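Novice: My structure file model25.txt, compact mmCIF, C-alpha atoms, is below:
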```
# COMPACT_ATOMS: atom_id res chain seq x y z
CA MET H 28 -36.74 -0.51 21.72
CA SER H 29 -38.90 -3.09 20.01
CA ALA H 30 -37.47 -6.13 18.24
CA VAL H 31 -38.39 -4.57 14.91
CA ALA H 32 -36.50 -1.40 15.83
CA TRP H 33 -33.41 -3.42 16.77
CA ILE H 34 -33.52 -5.18 13.41
CA ALA H 35 -33.84 -1.83 11.63
CA VAL H 36 -30.93 -0.34 13.56
CA GLY H 37 -28.81 -3.42 12.86
CA SER H 38 -29.53 -3.11 9.16
CA LEU H 39 -28.66 0.59 9.19
CA ILE H 40 -25.34 -0.13 10.92
CA ALA H 41 -24.60 -2.78 8.29
CA TRP H 42 -25.28 -0.29 5.49
CA VAL H 43 -23.14 2.42 7.02
CA TRP H 44 -20.30 -0.10 7.21
CA LEU H 45 -20.86 -1.19 3.61
CA LEU H 46 -20.94 2.43 2.49
CA LEU H 47 -17.65 3.39 4.15
CA GLY H 48 -15.79 0.19 4.97
CA GLN H 49 -16.11 -2.13 1.97
CA GLY H 50 -13.62 -0.54 -0.38
CA PHE H 51 -16.10 2.00 -1.76
CA TYR H 52 -17.42 -0.89 -3.86
CA TRP H 53 -20.38 1.18 -5.04
CA ARG H 54 -18.23 3.57 -7.07
CA THR H 55 -18.00 2.91 -10.79
CA ASP H 56 -14.88 4.92 -11.59
CA GLN H 57 -12.45 2.01 -11.95
CA ARG H 58 -11.92 2.23 -15.70
CA LEU H 59 -9.06 1.05 -17.90
CA PRO H 60 -5.81 2.88 -16.97
CA ARG H 61 -4.53 5.23 -19.68
CA ARG H 62 -0.84 4.88 -20.49
CA SER H 63 1.33 6.03 -23.37
CA ASP H 64 1.87 3.59 -26.23
CA PRO H 65 4.81 1.20 -25.75
CA ALA H 66 7.93 1.62 -27.87
CA ARG H 67 7.38 -1.95 -29.11
CA TRP H 68 3.95 -3.48 -29.19
CA PRO H 69 4.06 -6.95 -27.57
CA SER H 70 2.74 -10.01 -29.36
CA VAL H 71 -0.69 -11.30 -28.33
CA ALA H 72 -2.55 -14.57 -28.76
CA VAL H 73 -6.32 -14.24 -28.40
CA VAL H 74 -7.84 -17.47 -27.06
CA VAL H 75 -11.61 -17.90 -27.48
CA PRO H 76 -13.29 -20.99 -25.97
CA ALA H 77 -16.54 -21.66 -27.85
CA ARG H 78 -19.17 -24.34 -27.38
CA ASP H 79 -22.32 -24.12 -29.50
CA GLU H 80 -21.83 -20.41 -30.15
CA ALA H 81 -23.05 -20.16 -33.74
CA ALA H 82 -25.65 -17.59 -32.67
CA MET H 83 -23.06 -15.32 -31.02
CA LEU H 84 -20.06 -15.57 -33.34
CA PRO H 85 -21.42 -13.41 -36.20
CA VAL H 86 -21.43 -10.46 -33.77
CA SER H 87 -18.46 -11.23 -31.55
CA LEU H 88 -15.79 -12.82 -33.75
CA PRO H 89 -15.66 -10.09 -36.44
CA SER H 90 -14.96 -7.57 -33.67
CA LEU H 91 -11.77 -9.51 -32.87
CA LEU H 92 -10.78 -10.12 -36.47
CA VAL H 93 -10.78 -6.40 -37.25
CA GLN H 94 -8.79 -5.29 -34.21
CA ASP H 95 -6.57 -2.31 -34.95
CA TYR H 96 -3.46 -3.60 -33.20
CA PRO H 97 0.04 -2.42 -34.28
CA GLY H 98 1.85 -5.54 -33.05
CA ASP H 99 1.66 -9.22 -33.90
CA ALA H 100 -1.68 -10.73 -32.89
CA ARG H 101 -3.54 -13.91 -33.79
CA ILE H 102 -6.77 -15.62 -32.74
CA ILE H 103 -7.16 -19.20 -31.60
CA LEU H 104 -10.78 -20.30 -31.38
CA VAL H 105 -11.26 -23.55 -29.47
CA ASP H 106 -14.31 -25.36 -30.80
CA ASP H 107 -15.34 -27.27 -27.68
CA CYS H 108 -17.22 -30.20 -29.23
CA SER H 109 -19.95 -27.95 -30.66
CA SER H 110 -22.97 -29.45 -32.36
CA ASP H 111 -24.08 -26.33 -34.24
CA GLY H 112 -21.21 -25.77 -36.68
CA THR H 113 -19.34 -23.25 -34.51
CA GLY H 114 -15.93 -24.18 -35.90
CA GLN H 115 -16.88 -23.96 -39.57
CA LEU H 116 -18.76 -20.72 -39.01
CA ALA H 117 -15.64 -19.24 -37.42
CA ARG H 118 -13.58 -20.19 -40.49
CA ASP H 119 -16.21 -18.68 -42.79
CA LEU H 120 -16.24 -15.43 -40.83
CA ALA H 121 -12.44 -15.23 -40.99
CA THR H 122 -12.59 -15.66 -44.77
CA ARG H 123 -15.26 -12.96 -45.06
CA TYR H 124 -13.70 -10.35 -42.77
CA GLY H 125 -9.98 -11.06 -43.05
CA GLY H 126 -7.94 -9.20 -40.45
CA LEU H 127 -6.11 -11.10 -37.74
CA PRO H 128 -5.17 -14.69 -38.61
CA LEU H 129 -7.53 -17.28 -37.12
CA THR H 130 -6.81 -20.85 -36.11
CA VAL H 131 -9.66 -23.18 -35.13
CA VAL H 132 -8.79 -26.18 -32.96
CA THR H 133 -10.84 -28.89 -31.24
CA PRO H 134 -9.62 -30.47 -27.99
CA GLY H 135 -12.16 -33.28 -27.62
CA GLU H 136 -14.18 -33.98 -24.50
CA PRO H 137 -12.67 -32.81 -21.18
CA GLU H 138 -10.58 -35.22 -19.18
CA ARG H 139 -11.78 -36.13 -15.72
CA GLY H 140 -11.13 -33.34 -13.24
CA TRP H 141 -11.50 -30.47 -15.72
CA THR H 142 -14.40 -28.12 -16.28
CA GLY H 143 -15.25 -27.64 -19.94
CA LYS H 144 -14.17 -24.02 -20.37
CA LEU H 145 -10.83 -24.56 -18.65
CA TRP H 146 -10.19 -27.69 -20.70
CA ALA H 147 -10.76 -25.60 -23.83
CA LEU H 148 -8.50 -22.84 -22.52
CA ARG H 149 -5.81 -25.41 -21.73
CA HIS H 150 -5.80 -26.55 -25.33
CA GLY H 151 -5.94 -23.04 -26.74
CA ILE H 152 -3.15 -21.74 -24.51
CA ALA H 153 -0.98 -24.73 -25.42
CA VAL H 154 -1.41 -23.92 -29.12
CA ALA H 155 -0.75 -20.22 -28.47
CA ARG H 156 2.49 -20.90 -26.60
CA ARG H 157 4.08 -22.42 -29.69
CA ASP H 158 4.59 -18.87 -30.97
CA LYS H 159 5.73 -17.60 -27.52
CA PRO H 160 3.38 -14.58 -27.32
CA ASP H 161 4.03 -11.91 -24.72
CA PHE H 162 0.33 -11.79 -23.74
CA LEU H 163 -2.73 -14.00 -23.82
CA LEU H 164 -6.15 -12.40 -24.24
CA LEU H 165 -8.76 -14.81 -22.85
CA THR H 166 -12.15 -13.69 -24.06
CA ASP H 167 -15.52 -15.44 -24.36
CA ALA H 168 -17.35 -16.14 -27.59
CA ASP H 169 -20.21 -13.81 -26.60
CA ILE H 170 -17.99 -10.76 -26.04
CA ALA H 171 -17.73 -8.00 -28.67
CA HIS H 172 -14.74 -5.64 -28.66
CA GLU H 173 -14.43 -2.18 -30.15
CA PRO H 174 -11.61 -2.01 -32.77
CA ASP H 175 -9.12 -0.44 -30.35
CA SER H 176 -9.90 -2.75 -27.42
CA LEU H 177 -6.77 -4.90 -27.70
CA ARG H 178 -4.56 -1.86 -28.15
CA ASP H 179 -6.01 -0.23 -25.01
CA LEU H 180 -5.69 -3.41 -22.95
CA VAL H 181 -2.03 -3.92 -23.83
CA ALA H 182 -1.19 -0.26 -23.24
CA ALA H 183 -2.92 -0.42 -19.85
CA ALA H 184 -0.88 -3.47 -18.85
CA GLY H 185 2.28 -1.45 -19.35
CA PRO H 186 5.80 -2.83 -19.08
CA GLY H 187 6.72 -5.92 -17.13
CA GLY H 188 7.86 -5.66 -13.52
CA PRO H 189 6.54 -3.47 -10.71
CA ASP H 190 5.37 -0.71 -13.04
CA GLY H 191 3.03 -2.92 -15.03
CA PHE H 192 0.15 -5.33 -14.55
CA ASP H 193 0.33 -9.06 -15.14
CA LEU H 194 -3.43 -9.33 -15.48
CA VAL H 195 -5.81 -6.70 -16.80
CA SER H 196 -9.49 -7.60 -16.81
CA GLN H 197 -12.57 -5.68 -17.82
CA MET H 198 -16.10 -6.61 -16.80
CA ALA H 199 -17.93 -6.44 -20.11
CA ARG H 200 -21.08 -4.38 -20.17
CA LEU H 201 -23.88 -6.94 -20.14
CA ARG H 202 -27.01 -6.59 -22.23
CA VAL H 203 -29.92 -4.77 -20.57
CA GLU H 204 -32.93 -4.70 -22.89
CA SER H 205 -35.66 -6.96 -21.52
CA VAL H 206 -37.56 -6.17 -18.33
CA TRP H 207 -35.79 -8.95 -16.43
CA GLU H 208 -32.38 -7.87 -17.69
CA ARG H 209 -33.02 -4.35 -16.44
CA LEU H 210 -34.03 -5.67 -13.03
CA VAL H 211 -31.33 -8.31 -12.57
CA VAL H 212 -28.21 -7.49 -14.61
CA PRO H 213 -27.05 -4.21 -12.99
CA ALA H 214 -27.58 -5.83 -9.60
CA PHE H 215 -25.43 -8.80 -10.69
CA VAL H 216 -22.46 -6.49 -11.28
CA TYR H 217 -23.29 -4.49 -8.12
CA PHE H 218 -23.24 -7.65 -5.97
CA PHE H 219 -20.02 -8.81 -7.62
CA GLY H 220 -18.39 -5.49 -6.76
CA GLN H 221 -19.64 -5.79 -3.21
CA LEU H 222 -17.95 -9.18 -2.85
CA TYR H 223 -14.79 -8.08 -4.68
CA PRO H 224 -14.39 -4.30 -4.42
CA PHE H 225 -12.51 -3.22 -7.51
CA ARG H 226 -10.37 -0.73 -5.61
CA ARG H 227 -9.14 -3.49 -3.31
CA VAL H 228 -8.49 -5.82 -6.23
CA ASN H 229 -6.39 -3.10 -7.86
CA SER H 230 -4.33 -2.32 -4.76
CA ALA H 231 -0.95 -4.00 -4.64
CA ARG H 232 -1.27 -4.13 -0.83
CA SER H 233 -4.56 -6.03 -0.88
CA ARG H 234 -5.14 -9.78 -0.85
CA THR H 235 -8.49 -9.45 -2.63
CA ALA H 236 -8.30 -10.95 -6.10
CA ALA H 237 -10.88 -11.18 -8.87
CA ALA H 238 -11.23 -10.94 -12.62
CA ALA H 239 -14.05 -10.93 -15.17
CA GLY H 240 -13.72 -14.01 -17.33
CA GLY H 241 -15.12 -12.45 -20.48
CA CYS H 242 -12.07 -10.23 -20.99
CA VAL H 243 -8.74 -11.12 -19.36
CA LEU H 244 -5.38 -9.95 -20.70
CA LEU H 245 -2.73 -12.12 -19.07
CA ARG H 246 1.04 -11.79 -19.33
CA THR H 247 2.30 -15.17 -20.55
CA GLU H 248 5.13 -15.43 -18.03
CA ALA H 249 2.65 -14.75 -15.22
CA ALA H 250 0.40 -17.51 -16.54
CA GLU H 251 3.35 -19.89 -16.51
CA ARG H 252 4.32 -18.93 -12.94
CA ALA H 253 0.75 -19.48 -11.78
CA ARG H 254 0.40 -22.73 -13.80
CA ILE H 255 -2.70 -21.45 -15.59
CA PRO H 256 -4.98 -23.21 -16.28
CA GLU H 257 -3.79 -26.47 -14.63
CA SER H 258 -3.86 -24.93 -11.15
CA ILE H 259 -7.58 -24.05 -11.48
CA ARG H 260 -8.75 -26.94 -13.65
CA GLN H 261 -11.78 -27.75 -11.46
CA ALA H 262 -12.89 -24.18 -10.81
CA VAL H 263 -16.46 -23.24 -11.67
CA ILE H 264 -15.80 -19.57 -10.90
CA ASP H 265 -12.71 -19.70 -13.06
CA ASP H 266 -12.10 -15.97 -13.40
CA VAL H 267 -11.80 -15.31 -9.66
CA SER H 268 -9.70 -18.46 -9.24
CA LEU H 269 -7.40 -17.35 -12.05
CA ALA H 270 -6.85 -13.94 -10.48
CA ARG H 271 -6.08 -15.53 -7.11
CA GLU H 272 -3.44 -17.77 -8.61
CA VAL H 273 -1.81 -14.89 -10.48
CA ARG H 274 -1.71 -12.82 -7.31
CA ARG H 275 -0.32 -15.73 -5.30
CA GLY H 276 2.41 -16.03 -7.91
CA GLY H 277 3.46 -12.45 -7.22
CA GLY H 278 1.61 -10.87 -10.13
CA ARG H 279 -0.13 -7.50 -10.13
CA ILE H 280 -3.76 -7.49 -11.22
CA TRP H 281 -6.29 -4.89 -12.28
CA LEU H 282 -10.07 -5.13 -12.68
CA GLY H 283 -12.53 -2.51 -13.82
CA LEU H 284 -15.72 -1.77 -15.70
CA ALA H 285 -15.56 -1.82 -19.48
CA GLU H 286 -16.53 1.05 -21.72
CA ARG H 287 -15.79 -0.56 -25.09
CA VAL H 288 -16.26 -4.27 -24.42
CA ASP H 289 -19.82 -5.66 -24.45
CA SER H 290 -21.55 -8.98 -23.90
CA VAL H 291 -23.93 -9.73 -26.75
CA ARG H 292 -25.61 -12.72 -25.14
CA PRO H 293 -29.32 -12.08 -24.44
CA TYR H 294 -31.02 -13.16 -21.22
CA PRO H 295 -34.60 -12.19 -22.09
CA ARG H 296 -36.39 -14.40 -19.55
CA LEU H 297 -36.03 -14.76 -15.81
CA ALA H 298 -35.27 -18.45 -16.37
CA ASP H 299 -32.23 -17.53 -18.49
CA LEU H 300 -30.85 -15.24 -15.80
CA TRP H 301 -31.73 -17.76 -13.10
CA ARG H 302 -29.58 -20.42 -14.77
CA MET H 303 -26.70 -17.99 -15.23
CA VAL H 304 -26.61 -17.08 -11.53
CA ALA H 305 -27.53 -20.46 -10.02
CA ARG H 306 -24.82 -22.21 -12.04
CA SER H 307 -22.09 -20.87 -9.74
CA ALA H 308 -23.84 -19.28 -6.75
CA TYR H 309 -23.26 -22.16 -4.33
CA ALA H 310 -19.68 -22.55 -5.56
CA GLN H 311 -19.20 -18.92 -4.48
CA LEU H 312 -20.05 -20.15 -0.96
CA ARG H 313 -17.50 -22.98 -1.33
CA HIS H 314 -20.36 -25.49 -1.17
CA SER H 315 -20.55 -24.87 2.56
CA PRO H 316 -23.88 -25.41 4.35
CA LEU H 317 -22.65 -23.19 7.16
CA LEU H 318 -21.90 -20.31 4.80
CA LEU H 319 -25.31 -20.79 3.18
CA ALA H 320 -26.98 -20.80 6.60
CA GLY H 321 -25.27 -17.51 7.38
CA THR H 322 -25.90 -15.97 3.98
CA VAL H 323 -29.68 -16.36 4.06
CA PRO H 324 -30.32 -14.36 7.27
CA GLY H 325 -27.52 -11.97 6.34
CA LEU H 326 -29.14 -11.07 3.03
CA LEU H 327 -32.52 -10.75 4.69
CA LEU H 328 -31.10 -8.38 7.32
CA VAL H 329 -29.20 -6.25 4.83
CA TYR H 330 -31.65 -6.09 1.91
CA VAL H 331 -35.14 -7.07 3.07
CA ALA H 332 -35.19 -5.63 6.59
CA PRO H 333 -34.95 -1.93 5.55
CA PRO H 334 -38.23 -1.71 3.61
CA ALA H 335 -39.93 -4.27 5.87
CA THR H 336 -39.08 -2.41 9.08
CA LEU H 337 -40.00 0.93 7.51
CA VAL H 338 -43.46 -0.38 6.65
CA ALA H 339 -43.83 -2.09 10.02
CA GLY H 340 -42.73 1.02 11.86
CA LEU H 341 -45.17 3.24 10.00
CA ALA H 342 -47.99 0.74 10.56
CA THR H 343 -47.40 0.41 14.31
CA GLY H 344 -46.19 3.91 15.10
CA ASP H 345 -42.68 2.68 15.95
CA ALA H 346 -40.68 5.80 15.10
CA VAL H 347 -37.26 4.21 15.64
CA ALA H 348 -38.05 1.26 13.36
CA ALA H 349 -39.47 3.54 10.68
CA TRP H 350 -36.59 6.00 10.83
CA ALA H 351 -33.79 3.40 10.90
CA GLY H 352 -35.44 1.21 8.25
CA GLY H 353 -36.03 4.19 5.98
CA ALA H 354 -32.46 5.44 6.44
CA ALA H 355 -31.02 1.99 5.66
CA TRP H 356 -33.17 1.73 2.53
CA ALA H 357 -32.04 5.20 1.45
CA VAL H 358 -28.35 4.31 1.88
CA MET H 359 -28.88 1.04 -0.01
CA THR H 360 -30.57 2.83 -2.87
CA ALA H 361 -27.91 5.54 -3.01
CA THR H 362 -25.13 2.95 -3.34
CA TYR H 363 -26.96 1.30 -6.23
CA LEU H 364 -27.55 4.45 -8.28
CA PRO H 365 -24.00 4.67 -9.76
CA MET H 366 -24.35 1.17 -11.21
CA LEU H 367 -27.75 2.01 -12.70
CA ALA H 368 -26.23 5.13 -14.23
CA TYR H 369 -23.36 3.07 -15.68
CA TYR H 370 -25.94 0.80 -17.33
CA ARG H 371 -27.96 3.84 -18.47
CA GLN H 372 -31.03 2.64 -16.62
CA SER H 373 -33.73 4.60 -14.85
CA LEU H 374 -32.70 5.59 -11.34
CA TRP H 375 -36.23 4.70 -10.24
CA LEU H 376 -35.04 1.08 -10.28
CA GLY H 377 -32.89 1.85 -7.25
CA PRO H 378 -35.54 1.26 -4.57
CA LEU H 379 -36.32 -2.13 -6.15
CA LEU H 380 -32.94 -3.57 -5.12
CA PRO H 381 -34.50 -5.50 -2.17
CA LEU H 382 -36.75 -7.34 -4.64
CA THR H 383 -33.77 -8.24 -6.80
CA ALA H 384 -31.84 -9.37 -3.72
CA VAL H 385 -34.66 -11.78 -2.85
CA LEU H 386 -34.41 -13.24 -6.36
CA TYR H 387 -30.66 -13.72 -5.93
CA LEU H 388 -31.24 -15.33 -2.55
CA LEU H 389 -33.67 -17.81 -4.13
CA MET H 390 -31.19 -18.49 -6.94
CA THR H 391 -28.48 -19.23 -4.38
CA VAL H 392 -30.70 -21.63 -2.46
CA ASP H 393 -31.66 -23.33 -5.72
CA SER H 394 -27.96 -23.63 -6.60
CA ALA H 395 -27.37 -25.44 -3.31
CA VAL H 396 -30.36 -27.73 -3.86
CA GLN H 397 -29.11 -28.69 -7.33
CA HIS H 398 -25.66 -29.36 -5.90
CA TYR H 399 -26.98 -31.80 -3.32
CA ARG H 400 -29.14 -33.48 -5.94
CA GLY H 401 -25.91 -34.28 -7.76
CA ARG H 402 -26.54 -31.91 -10.63
CA GLY H 403 -23.95 -29.36 -9.61
CA ALA H 404 -23.07 -26.65 -12.09
CA ALA H 405 -24.69 -27.29 -15.47
CA TRP H 406 -23.67 -25.40 -18.60
CA LYS H 407 -23.94 -26.06 -22.33
CA GLY H 408 -25.08 -29.65 -21.83
CA ARG H 409 -22.41 -30.53 -19.27
CA THR H 410 -22.98 -31.07 -15.57
CA TYR H 411 -20.28 -30.85 -12.90
CA ALA H 412 -21.71 -32.75 -9.95
CA ARG H 413 -19.07 -31.85 -7.41
CA PRO H 414 -17.17 -28.84 -8.74
CA GLU H 415 -14.35 -27.41 -6.66
CA ALA H 416 -13.05 -23.87 -6.59
CA ALA H 417 -9.34 -23.22 -6.48
CA PRO H 418 -8.31 -23.85 -2.88
CA ASP H 419 -7.41 -21.00 -0.59
CA ARG H 420 -3.92 -21.52 0.73
```
As C-alpha cells, how would this structure be written, given the file I've shared?

Specialist:
Amino acid sequence: MSAVAWIAVGSLIAWVWLLLGQGFYWRTDQRLPRRSDPARWPSVAVVVPARDEAAMLPVSLPSLLVQDYPGDARIILVDDCSSDGTGQLARDLATRYGGLPLTVVTPGEPERGWTGKLWALRHGIAVARRDKPDFLLLTDADIAHEPDSLRDLVAAAGPGGPDGFDLVSQMARLRVESVWERLVVPAFVYFFGQLYPFRRVNSARSRTAAAAGGCVLLRTEAAERARIPESIRQAVIDDVSLAREVRRGGGRIWLGLAERVDSVRPYPRLADLWRMVARSAYAQLRHSPLLLAGTVPGLLLVYVAPPATLVAGLATGDAVAAWAGGAAWAVMTATYLPMLAYYRQSLWLGPLLPLTAVLYLLMTVDSAVQHYRGRGAAWKGRTYARPEAAPDR
C-alpha cells in the first residue's frame, strides 16, 4: 500500500477505537438523574464569583433569585474587584426581584498563588460556611437557570453515602447564534466529552473525573474532605481539578448535559472564541512540550487525514486510501451528529468537523506560545504567567 493509504487506514483504526473504546463519548444521553423528592430539603448556599459582569447579571442573577426551592437557600455573590458596578447592580436586582436572600461580598485582589476565580470562590465559600449549608451550588455569573434548576440538582444528588452523589455538575448549554458559535461551540463540548467521557466520569469504578464549572452542586462535607478550594488554588482548569479532588477524597461525582441551564455569554466573533479556548488549552496538556508535540500530529491524523486521504485517493486512483479515508470521515461525522442535534444545529455541519479541529489545533499552539512568552492564561484583565493544574497523585 502507498504511504497515503497507510495514513488513511491508521486514521480509520483510530476512529473505530474512538467509536467503541472511548466510553461512548459521542452519546448525549447523560442527563440529570431523576429521583423522588427528599423528605427534608437540604439547605443550599449558591456562590457566584463575578468580575465585571454587569452585562450578564440582568439575565443570569434573576434566574437564581426566583428559584422555586422548598428548602433554605441563599445567594452569595462575590464581586471580584469589578470596575463596572457589578456589586451594586446585583443589590439592585435583588431589590427588584426579591426571592432568595442575596449577600454581596468583595474579597480584594487575589493573594499570590491563587487564580482569580478560585480566590473569589474561597471567599464566598467561607462566608457560606457560617450558616453550615448542606450543599454549595457553584455557578458562574453568565449562567441562567430555569426556576426548578436548584430543586432538580438537589434531588439528583440524593442522600449522603453510597446511594447519593457528592458532586453533581451540568454542562450548561452554550449560546449558538453567530456563524462562528455554530461552527465552534458544539465541537467544544464534543471535544470535552472525548477527553472526559461522561459515562466514565459517572461510573463509581472509573478514575476519570471532570465537572463543568458553570454549574456544580457540591456536598459541603465533600468539599471539606477535599479541601476545596485550597487544594486547587492554582488551577486554570478549575472544574476538572475540583472533580479530581472530590473523587480522590472518596466522593461520588456525576456530570451530564444540561437541559434547563444555559450560558448567556455571547461569543459572536472568532476572536472571542479563540480567547476562550486558548486561555486553558495548553494547561490541559499540563504545559508539556512533549504532550504538545504528540497532540499536533495526533490531531492531524485523526481529524485532517480522513478528508485529505479521501481527496488524494480519488485524485491518484488509490482505492485503499480513498475507501479508508472516506470511511474514517464518515465515522467521525456520525459521532458528531448527536452533539449537533443536542444544540439544534444543522446536521450538515457534521462534515465540517475537520475544519473546526484545525482551528482548535491552532488555538492550542497559540496557547503554548502565549505561555512561553510569559503571558500564560489571561482572563478579565488578569494574567497567570505560570499557572499550574492540580497535581496528579

Novice: When you look at segment 292-303 of chain H with a cut-off of 8 Å (counting only C-alpha atoms), what residues show up, excluding the ones that are within fewer than 3 positions of it in the same chain? I need them as a ChimeraX atom specification.

Specialist: /H:83,169-170,201-202,204-208,211,306-307,390

Novice: Quick one: residues within 9 Å of Ala236 of chain H, all atoms listed in the file, excluding same-chain residues fewer than 3 positions away - as a PDB file with C-alpha atoms, keeping the file's coordinate frame?

Specialist:
```
ATOM      1  CA  TYR H 223     -14.790  -8.080  -4.680  1.00  0.00           C
ATOM      2  CA  PHE H 225     -12.510  -3.220  -7.510  1.00  0.00           C
ATOM      3  CA  ARG H 227      -9.140  -3.490  -3.310  1.00  0.00           C
ATOM      4  CA  VAL H 228      -8.490  -5.820  -6.230  1.00  0.00           C
ATOM      5  CA  ASN H 229      -6.390  -3.100  -7.860  1.00  0.00           C
ATOM      6  CA  SER H 233      -4.560  -6.030  -0.880  1.00  0.00           C
ATOM      7  CA  VAL H 267     -11.800 -15.310  -9.660  1.00  0.00           C
ATOM      8  CA  SER H 268      -9.700 -18.460  -9.240  1.00  0.00           C
ATOM      9  CA  LEU H 269      -7.400 -17.350 -12.050  1.00  0.00           C
ATOM     10  CA  ALA H 270      -6.850 -13.940 -10.480  1.00  0.00           C
ATOM     11  CA  ARG H 271      -6.080 -15.530  -7.110  1.00  0.00           C
ATOM     12  CA  GLU H 272      -3.440 -17.770  -8.610  1.00  0.00           C
ATOM     13  CA  VAL H 273      -1.810 -14.890 -10.480  1.00  0.00           C
ATOM     14  CA  ARG H 274      -1.710 -12.820  -7.310  1.00  0.00           C
ATOM     15  CA  ILE H 280      -3.760  -7.490 -11.220  1.00  0.00           C
ATOM     16  CA  TRP H 281      -6.290  -4.890 -12.280  1.00  0.00           C
ATOM     17  CA  LEU H 282     -10.070  -5.130 -12.680  1.00  0.00           C
TER      18      LEU H 282
END
```

Novice: Mind listing whatever residues come within 10 Å of the point (-21.7, -20.1, -5.9)? Use only C-alpha atoms, file coordinates, and give them as a list of chain:residue names.

Specialist: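 Result, sorted by chain then residue number: H:Val263, H:Ile264, H:Val304, H:Ala305, H:Arg306, H:Ser307, H:Ala308, H:Tyr309, H:Ala310, H:Gln311, H:Leu312, H:Arg313, H:His314, H:Ser315, H:Leu319, H:Met390, H:Thr391, H:Val392, H:Ser394, H:Ala395, H:Ala404, H:Ala416.
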
Novice: Given all atoms listed in the file as the basis, pick out the residue of H:Leu116, H:Cys108, H:Val195, H:Leu380 nearest to Pro213 of chain H.

Specialist: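 Looking at the shortest contact to Pro213 of chain H, the residue is H:Leu380.
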
Novice: So how far away is atom CA of Ala100 of chain H from atom CA of Gly125 of chain H, in Å?

Specialist: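 These atoms are spaced 13.1 Å apart.
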
Novice: Please determine the residues with any atom at most 9 Å from (-3.5, -9.6, -22.2) (coordinates as given in the file, with all atoms listed in the file counting) and report them as JSON, numbers by chain.

Specialist: {"H": [71, 72, 73, 161, 162, 163, 164, 165, 177, 180, 181, 184, 193, 194, 195, 196, 242, 243, 244, 245, 246, 247]}

Novice: Go ahead and compute the interatomic distance for atom CA of Arg67 of chain H and atom CA of Ile103 of chain H, in Å to one decimal.

Specialist: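 A separation of 22.7 Å between them.
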
Novice: Rounded to one decimal in Å, what is the spacing between atom CA of His172 of chain H and atom CA of Gln261 of chain H?

Specialist: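 So the answer is 28.2 Å.
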
Novice: Find the residues near Asp167 of chain H: any atom within 10 Å, counting all atoms listed in the file, skip ones fewer than 6 places away on the same chain, and give them as a PyMOL selection string.

Specialist: chain H and resi 74-77+80+87-88+104+144+240-243+290

Novice: So, counting only C-alpha atoms, which residue among H:Gln57, H:Gln94, H:Ser110, H:Gln372 is closest to Arg226 of chain H?

Specialist: H:Gln57

Novice: Let me know the centre plus edge lengths, in Å and rounded to one decimal, of a box with edges along x, y and z that contains all listed atoms of segment 195-200 of chain H and is padded by 5 Å on every side, as AutoDock Vina command-line options.

Specialist:
```
--center_x -13.4 --center_y -6.0 --center_z -18.5 --size_x 25.3 --size_y 13.2 --size_z 13.4
```

Novice: Compare H:Ala335, H:Leu45, H:Ser109, H:Arg275 by their minimum atom-to-atom distance to Tyr363 of chain H, counting all atoms listed in the file, and give me the closest one.

Specialist: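 Of H:Ala335, H:Leu45, H:Ser109, H:Arg275, the one nearest Tyr363 of chain H is H:Leu45, counting all atoms listed in the file.
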
Novice: Select, from H:Ala351, H:Val323, H:Ala41, H:Ile152, the residue with the minimum atom-to-atom distance to Thr336 of chain H, counting all atoms listed in the file.

Specialist: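 For Thr336 of chain H, the nearest of the given residues is H:Ala351.
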
Novice: Nearest to Glu136 of chain H among H:Ala171, H:Arg61, H:Asp158, H:Arg78, with distances taken over all atoms listed in the file: which residue is it?

Specialist: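 The shortest atom-to-atom distance to Glu136 of chain H comes from H:Arg78.
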
Novice: Return the single residue from H:Ala153, H:Leu47, H:Thr383, H:Ala262 that is closest to Val212 of chain H, with distances computed using only C-alpha atoms.

Specialist: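 Looking only at the distances to Val212 of chain H, the closest residue turns out to be H:Thr383.
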
Novice: With a distance cut-off of 12 Å and only C-alpha atoms, select the neighbouring residues of Tyr369 of chain H, excluding the residue or stretch itself and same-chain residues fewer than 5 positions from it, and output the selection as an MDAnalysis selection string.

Specialist: chainID H and resid 53:58 199:201 203 212:214 216:217 284:286 363:364 374
